[in-house]
$ cat my_file_16.cif   # mmCIF, C-alpha atoms
data_work
#
loop_
_atom_site.label_atom_id
_atom_site.label_comp_id
_atom_site.auth_asym_id
_atom_site.auth_seq_id
_atom_site.Cartn_x
_atom_site.Cartn_y
_atom_site.Cartn_z
CA MET X 1 47.59 7.94 6.41
CA MET X 2 44.47 9.52 4.97
CA LYS X 3 43.72 8.91 1.28
CA ALA X 4 42.26 11.69 -0.85
CA PHE X 5 38.62 11.04 -1.80
CA TRP X 6 37.31 12.19 -5.14
CA PHE X 7 33.62 11.30 -4.93
CA PRO X 8 30.90 12.70 -2.65
CA VAL X 9 29.62 10.61 0.24
CA ALA X 10 26.68 8.36 -0.58
CA THR X 11 24.13 8.52 2.25
CA ILE X 12 21.03 6.35 2.44
CA VAL X 13 18.80 5.89 5.49
CA CYS X 14 17.22 2.55 6.31
CA ALA X 15 14.55 2.92 9.02
CA LEU X 16 12.14 0.09 9.70
CA GLY X 17 9.09 0.15 11.97
CA ALA X 18 9.14 -1.50 15.37
CA ALA X 19 6.28 -3.84 14.54
CA ALA X 20 8.07 -5.19 11.46
CA LEU X 21 11.39 -5.56 13.24
CA ALA X 22 9.87 -7.50 16.12
CA ARG X 23 9.65 -10.32 13.59
CA ALA X 24 12.95 -9.62 11.80
CA ALA X 25 16.62 -9.58 12.72
CA GLU X 26 18.02 -7.63 9.79
CA THR X 27 17.49 -4.48 7.77
CA GLN X 28 17.18 -4.23 4.04
CA TRP X 29 20.34 -3.84 1.97
CA ILE X 30 21.60 -0.29 1.41
CA ASP X 31 23.39 0.28 -1.91
CA THR X 32 26.21 2.84 -1.68
CA GLY X 33 27.49 2.36 -5.24
CA LYS X 34 30.38 -0.09 -4.98
CA ALA X 35 29.13 -1.79 -1.81
CA GLN X 36 25.90 -2.98 -0.22
CA VAL X 37 25.43 -2.87 3.56
CA ARG X 38 22.92 -4.18 6.08
CA LEU X 39 22.55 -4.54 9.86
CA HIS X 40 21.68 -7.76 11.74
CA ALA X 41 20.79 -8.42 15.40
CA ASP X 42 20.02 -11.41 17.67
CA VAL X 43 19.23 -10.35 21.29
CA THR X 44 22.74 -9.64 22.64
CA ARG X 45 24.67 -9.19 19.39
CA ALA X 46 24.58 -7.32 16.13
CA ALA X 47 26.58 -7.44 12.90
CA VAL X 48 27.28 -5.11 10.00
CA GLU X 49 27.59 -6.95 6.69
CA ILE X 50 29.24 -5.46 3.59
CA ARG X 51 29.15 -6.92 0.08
CA LEU X 52 31.76 -5.35 -2.19
CA ALA X 53 31.85 -4.97 -5.96
CA PRO X 54 34.47 -7.14 -7.74
CA LYS X 55 38.05 -5.82 -7.35
CA TRP X 56 36.99 -3.28 -4.71
CA HIS X 57 38.05 -3.48 -1.06
CA THR X 58 37.37 -1.82 2.27
CA TYR X 59 39.61 -1.36 5.31
CA TRP X 60 40.50 -2.99 8.63
CA ARG X 61 40.54 -1.08 11.94
CA TYR X 62 44.16 -0.16 11.06
CA PRO X 63 44.25 0.50 7.28
CA GLY X 64 48.02 0.40 6.70
CA ASP X 65 49.86 2.91 4.50
CA ALA X 66 46.66 4.67 3.37
CA GLY X 67 42.91 4.58 3.70
CA VAL X 68 40.49 5.04 6.59
CA PRO X 69 39.05 2.52 9.07
CA PRO X 70 35.30 1.94 9.40
CA ARG X 71 33.46 4.11 11.94
CA PHE X 72 30.47 2.95 13.99
CA ASP X 73 28.35 5.66 15.66
CA TRP X 74 25.59 4.28 17.89
CA THR X 75 24.36 7.70 19.08
CA GLY X 76 20.58 7.74 19.37
CA SER X 77 20.18 4.05 20.25
CA ASP X 78 17.67 3.24 23.00
CA ASN X 79 18.55 1.16 26.09
CA LEU X 80 22.10 0.58 24.82
CA ALA X 81 24.90 0.90 27.40
CA ALA X 82 27.90 -0.24 25.34
CA THR X 83 29.04 -1.91 22.12
CA LYS X 84 32.17 -3.81 21.15
CA VAL X 85 32.93 -4.12 17.43
CA GLU X 86 35.04 -7.14 16.44
CA TYR X 87 37.13 -7.39 13.27
CA PRO X 88 37.63 -10.52 11.16
CA VAL X 89 41.21 -11.28 10.18
CA PRO X 90 42.11 -9.07 7.16
CA ARG X 91 44.43 -9.35 4.17
CA ARG X 92 46.98 -6.92 2.74
CA PHE X 93 46.54 -5.28 -0.67
CA ARG X 94 48.78 -3.12 -2.83
CA GLU X 95 47.63 0.39 -3.63
CA ALA X 96 49.45 3.22 -5.34
CA GLY X 97 52.03 4.41 -2.85
CA GLY X 98 52.03 1.43 -0.50
CA GLN X 99 50.21 -1.48 1.08
CA VAL X 100 46.87 -1.43 2.85
CA ILE X 101 44.98 -3.84 5.10
CA GLY X 102 41.36 -4.81 4.60
CA TYR X 103 38.77 -7.01 2.96
CA GLU X 104 37.55 -7.98 -0.51
CA ASN X 105 34.24 -9.47 -1.67
CA ARG X 106 32.41 -9.63 1.69
CA VAL X 107 33.00 -8.91 5.35
CA VAL X 108 30.83 -9.14 8.48
CA PHE X 109 31.73 -7.18 11.63
CA PRO X 110 30.18 -8.78 14.75
CA VAL X 111 29.15 -6.38 17.53
CA GLU X 112 28.60 -7.31 21.18
CA LEU X 113 25.70 -5.37 22.74
CA LYS X 114 25.18 -4.46 26.39
CA ALA X 115 21.74 -3.18 27.37
CA ILE X 116 21.20 -0.58 30.06
CA ASP X 117 18.26 -2.67 31.31
CA PRO X 118 18.48 -6.30 30.10
CA LYS X 119 14.74 -6.75 30.78
CA LYS X 120 13.80 -4.07 28.27
CA PRO X 121 14.16 -4.12 24.46
CA VAL X 122 17.07 -2.43 22.67
CA ARG X 123 16.61 -0.27 19.59
CA LEU X 124 19.78 0.26 17.56
CA SER X 125 20.57 3.46 15.72
CA LEU X 126 23.76 3.24 13.68
CA LYS X 127 25.59 5.69 11.48
CA PHE X 128 28.16 3.59 9.64
CA GLU X 129 30.98 5.29 7.72
CA PHE X 130 33.51 3.39 5.63
CA ALA X 131 35.46 3.59 2.37
CA VAL X 132 35.65 1.39 -0.71
CA CYS X 133 38.68 1.50 -2.98
CA GLU X 134 39.95 0.18 -6.27
CA LYS X 135 41.97 2.67 -8.34
CA ILE X 136 40.12 5.48 -6.59
CA CYS X 137 38.51 5.63 -3.15
CA ILE X 138 34.89 6.46 -2.45
CA PRO X 139 33.68 7.29 1.07
CA ALA X 140 30.27 5.88 1.95
CA GLU X 141 27.76 6.29 4.75
CA ALA X 142 24.70 4.26 5.73
CA VAL X 143 22.24 4.98 8.55
CA PHE X 144 20.25 2.15 10.14
CA SER X 145 17.52 1.66 12.74
CA LEU X 146 16.79 -1.83 14.03
CA ASP X 147 14.85 -3.25 16.96
CA VAL X 148 16.82 -6.08 18.57
CA PRO X 149 14.67 -9.25 18.61
CA ILE X 150 13.33 -10.28 22.02
CA ALA X 151 13.09 -13.97 21.10
CA LYS X 152 16.31 -15.78 22.01
CA LYS X 153 17.09 -16.97 18.50
CA THR X 154 20.73 -17.23 17.48
CA SER X 155 21.74 -15.71 14.15
CA GLU X 156 23.69 -18.17 12.00
CA LEU X 157 25.31 -15.26 10.15
CA ILE X 158 26.61 -13.74 13.40
CA GLU X 159 27.82 -17.16 14.59
CA GLN X 160 29.80 -17.60 11.37
CA ALA X 161 31.22 -14.10 11.66
CA LYS X 162 32.34 -14.74 15.25
CA ALA X 163 34.28 -17.77 13.99
CA SER X 164 36.37 -15.46 11.77
CA ILE X 165 37.56 -13.28 14.69
CA PRO X 166 41.21 -13.81 15.76
CA VAL X 167 41.46 -15.69 19.06
CA PRO X 168 43.41 -14.09 21.96
CA ASP X 169 46.62 -16.02 22.55
CA VAL X 170 49.84 -15.86 24.58
CA LEU X 171 53.36 -15.19 23.41
CA GLY X 172 56.01 -17.90 23.17
CA GLU X 173 54.11 -21.14 22.59
CA VAL X 174 55.26 -23.72 20.03
CA LYS X 175 52.21 -24.98 18.14
CA PRO X 176 50.93 -25.05 14.54
CA LEU X 177 50.02 -21.34 14.67
CA SER X 178 51.63 -19.03 17.22
CA VAL X 179 53.68 -15.89 17.80
CA TYR X 180 56.86 -17.53 19.06
CA SER X 181 59.11 -14.60 19.90
CA VAL X 182 59.20 -10.79 19.92
CA LYS X 183 62.54 -8.98 20.25
CA LEU X 184 63.14 -5.24 20.44
CA GLU X 185 66.21 -3.87 18.65
CA ARG X 186 67.13 -0.41 19.92
CA GLY X 187 69.36 2.15 18.23
CA ALA X 188 68.96 5.04 15.84
CA LYS X 189 66.27 3.13 13.94
CA PRO X 190 64.59 0.80 16.45
CA ARG X 191 62.62 -2.14 15.15
CA VAL X 192 60.85 -5.24 16.42
CA LEU X 193 61.81 -8.73 15.22
CA VAL X 194 58.96 -11.23 15.34
CA GLU X 195 59.00 -14.99 14.77
CA ILE X 196 55.77 -16.85 14.04
CA TYR X 197 55.00 -20.54 13.66
CA THR X 198 52.76 -21.65 10.81
CA PRO X 199 52.15 -25.08 9.25
CA GLU X 200 55.27 -25.88 7.19
CA HIS X 201 53.62 -26.08 3.77
CA GLU X 202 51.02 -23.35 4.34
CA GLN X 203 51.34 -20.54 1.77
CA ASP X 204 48.43 -18.34 2.89
CA TYR X 205 49.68 -16.61 6.04
CA ASP X 206 50.59 -13.11 7.24
CA LEU X 207 51.33 -10.90 10.24
CA PHE X 208 49.91 -7.46 11.16
CA ALA X 209 51.09 -5.07 13.86
CA GLU X 210 49.34 -2.25 15.73
CA GLY X 211 50.51 0.22 18.33
CA PRO X 212 49.00 0.53 21.81
CA THR X 213 46.48 3.16 20.61
CA ASP X 214 44.78 4.14 17.36
CA ASN X 215 47.17 7.10 17.06
CA TRP X 216 50.11 4.88 16.16
CA ALA X 217 50.80 4.14 12.47
CA LEU X 218 53.26 1.26 12.39
CA PRO X 219 54.54 0.06 8.99
CA LEU X 220 53.35 -3.31 7.80
CA PRO X 221 55.65 -6.14 8.93
CA GLU X 222 58.35 -7.05 6.42
CA LYS X 223 59.04 -10.74 5.88
CA LEU X 224 62.73 -11.54 6.32
CA ALA X 225 62.97 -15.32 5.99
CA LYS X 226 61.06 -18.58 6.28
CA GLU X 227 62.70 -21.77 7.54
CA GLY X 228 60.31 -24.69 7.80
CA ASN X 229 57.55 -23.74 10.24
CA LEU X 230 59.26 -20.53 11.40
CA THR X 231 58.89 -17.18 9.62
CA ARG X 232 60.77 -14.04 10.69
CA TYR X 233 59.45 -10.51 10.27
CA ALA X 234 60.82 -7.03 10.98
CA ILE X 235 58.64 -4.10 12.08
CA PRO X 236 60.32 -0.65 12.02
CA LEU X 237 59.12 1.47 14.92
CA ASP X 238 58.03 4.42 12.81
CA GLY X 239 54.71 6.19 13.13
CA ALA X 240 54.67 7.28 16.78
CA PRO X 241 51.99 9.91 17.51
CA PRO X 242 53.08 13.46 18.44
CA GLY X 243 54.52 13.62 21.94
CA ALA X 244 55.15 9.88 22.23
CA GLY X 245 58.51 8.18 22.36
CA PRO X 246 59.59 5.97 19.44
CA ILE X 247 59.16 2.74 21.38
CA PRO X 248 55.64 1.85 22.58
CA ALA X 249 55.13 -0.06 25.80
CA LYS X 250 53.48 -2.89 23.84
CA ILE X 251 52.26 -3.83 20.39
CA ARG X 252 49.32 -5.96 19.27
CA LEU X 253 50.10 -8.68 16.72
CA THR X 254 47.54 -10.45 14.54
CA VAL X 255 48.62 -13.57 12.66
CA TYR X 256 46.72 -15.93 10.38
CA ALA X 257 47.49 -19.11 8.47
CA GLY X 258 44.90 -20.80 6.32
CA GLY X 259 41.59 -20.69 8.16
CA LYS X 260 42.97 -19.90 11.63
CA SER X 261 43.98 -16.62 13.26
CA LEU X 262 45.04 -15.25 16.65
CA GLU X 263 46.00 -12.05 18.46
CA VAL X 264 48.86 -11.50 20.92
CA GLU X 265 49.79 -8.48 23.01
CA ALA X 266 53.57 -8.27 23.26
CA PRO X 267 55.30 -5.97 25.80
CA LEU X 268 58.34 -4.05 24.55
CA ASP X 269 59.37 -1.92 27.57
#

$ encode --input "my_file_16.cif" --output "C-alpha cells"
Amino acid sequence: MMKAFWFPVATIVCALGAAALARAAETQWIDTGKAQVRLHADVTRAAVEIRLAPKWHTYWRYPGDAGVPPRFDWTGSDNLAATKVEYPVPRRFREAGGQVIGYENRVVFPVELKAIDPKKPVRLSLKFEFAVCEKICIPAEAVFSLDVPIAKKTSELIEQAKASIPVPDVLGEVKPLSVYSVKLERGAKPRVLVEIYTPEHEQDYDLFAEGPTDNWALPLPEKLAKEGNLTRYAIPLDGAPPGAGPIPAKIRLTVYAGGKSLEVEAPLD
C-alpha cells in the first residue's frame, strides 16, 4: 500500500503568539512545495485546509491501491482532551499501478475539539503529515500552533467544510441516494455485492469501501452494471490484515452522487 517517496520531507513551523491569536482564528499559510496548508479554529472546532498545485492530489483516510493517508498529531496541545477528524467525500484517481482515493485542488478537514476544562482556553499544537502526488509523490509536514478563539464566533469555512462530510445513513432504504443492499458471496474468493441508488441521469457518482479497522486494505469497488437508478458493484474481500479471517464482521461504505454523500455500516457476519 505504501508508495515510494523520492523527495525529502518539507518541514515548516508556523507558531503565532497568544496575543495575536486571541484576535485570529487561523494561522498563516505554510508552503510545502506542491501544496499550501493552514489551520483554522472557532471555539469547539478546528480545520486543516490544503490548497494543491494543479494536477496534484492528496489522499483520503484510506488511500486505495497506493499512497498514504494524512496524519494528525495533536501532542503538546494544552487543555485538549480529544479530537475527531472528519473527511470530506473523496474521488478516485488513476496512478501507475492502480487507483487511489483522494482530493484535487483544495480540501478542508474539519476537526471536532473537546476541551479538558471547557471554561479554560485551548491551545492547539498540530504536526500534520500528508503526501502530494502527480507522477511522483512528495511527503510533506507542517507544524502549527494556534490559540482557539474564546469569542463564540462561527467560522464560515468550517461550516462549509462540515457540509461536505458524508452523512451517516442506514442500509436498505429506497431514496434518491442510498445503499440499497449488501450481499456476501462466500467461496474460494469471497466478495461483497453492493447495490446503490442514485438519481437516474446523474453521471458523477461512486462508491468506496473500508474494512472495520485501518489495517484492512480492501480493493476499490468494481462497477458491474447500471440499470436506471440502481448501480451494482463488486468488492473482492482481499486485503485482510495478518491474523484476521478473509471476511470482516462489517464494512463501511461511502457513496456520493452529485453534491450529496452518505456513509453506511453494513454487517457481513

$ closest_residue --input "my_file_16.cif" --among "X:Leu220, X:Val43, X:Ala188, X:Leu171" --to "Gly98 of chain X" --atoms "all atoms listed in the file"
X:Leu220

$ resolve_selection --input "my_file_16.cif" --expression "the PyMOL selection byres ((chain X and resi 128) around 8)" --output "PyMOL selection string"
chain X and resi 70-73+126-127+129-130+141-143

$ closest_residue --input "my_file_16.cif" --among "X:Asp204, X:Asp214, X:Glu185, X:Asp65" --to "Ala240 of chain X" --atoms "only C-alpha atoms"
X:Asp214

$ closest_residue --input "my_file_16.cif" --among "X:Val89, X:Ala53, X:Ser261, X:Asn79" --to "Asp31 of chain X" --atoms "all atoms listed in the file"
X:Ala53

$ closest_residue --input "my_file_16.cif" --among "X:Pro118, X:Gly243, X:Pro221, X:Pro176" --to "Gln99 of chain X" --atoms "only C-alpha atoms"
X:Pro221

$ atom_distance --input "my_file_16.cif" --atom1 "atom CA of Lys34 of chain X" --atom2 "atom CA of Trp56 of chain X"
7.3 Å

$ atom_distance --input "my_file_16.cif" --atom1 "atom CA of Ile101 of chain X" --atom2 "atom CA of Cys133 of chain X"
11.6 Å

$ decode --input "my_file_16.cif" --residues "segment 49-74 of chain X" --atoms "C-alpha atoms" --output "PDB file, in the first residue's frame"
ATOM      1  CA  GLU X  49      -7.076  23.424   4.814  1.00  0.00           C
ATOM      2  CA  ILE X  50      -4.883  22.281   1.903  1.00  0.00           C
ATOM      3  CA  ARG X  51      -4.520  24.051  -1.443  1.00  0.00           C
ATOM      4  CA  LEU X  52      -2.906  21.817  -4.064  1.00  0.00           C
ATOM      5  CA  ALA X  53      -0.918  22.699  -7.169  1.00  0.00           C
ATOM      6  CA  PRO X  54      -2.695  21.965 -10.494  1.00  0.00           C
ATOM      7  CA  LYS X  55      -2.768  18.227 -11.386  1.00  0.00           C
ATOM      8  CA  TRP X  56      -1.504  17.220  -7.927  1.00  0.00           C
ATOM      9  CA  HIS X  57      -3.617  15.335  -5.386  1.00  0.00           C
ATOM     10  CA  THR X  58      -3.508  14.186  -1.784  1.00  0.00           C
ATOM     11  CA  TYR X  59      -5.127  11.187  -0.091  1.00  0.00           C
ATOM     12  CA  TRP X  60      -8.251  10.165   1.813  1.00  0.00           C
ATOM     13  CA  ARG X  61      -8.135   8.300   5.156  1.00  0.00           C
ATOM     14  CA  TYR X  62      -7.984   5.095   3.053  1.00  0.00           C
ATOM     15  CA  PRO X  63      -5.751   5.843   0.032  1.00  0.00           C
ATOM     16  CA  GLY X  64      -6.643   2.871  -2.182  1.00  0.00           C
ATOM     17  CA  ASP X  65      -4.051   0.862  -4.121  1.00  0.00           C
ATOM     18  CA  ALA X  66      -1.144   3.133  -3.115  1.00  0.00           C
ATOM     19  CA  GLY X  67      -0.304   6.251  -1.172  1.00  0.00           C
ATOM     20  CA  VAL X  68      -0.524   7.236   2.486  1.00  0.00           C
ATOM     21  CA  PRO X  69      -3.365   8.829   4.472  1.00  0.00           C
ATOM     22  CA  PRO X  70      -2.946  12.163   6.268  1.00  0.00           C
ATOM     23  CA  ARG X  71      -1.729  12.009   9.879  1.00  0.00           C
ATOM     24  CA  PHE X  72      -2.785  14.444  12.610  1.00  0.00           C
ATOM     25  CA  ASP X  73      -0.643  14.552  15.768  1.00  0.00           C
ATOM     26  CA  TRP X  74      -2.027  16.840  18.484  1.00  0.00           C
TER      27      TRP X  74
END
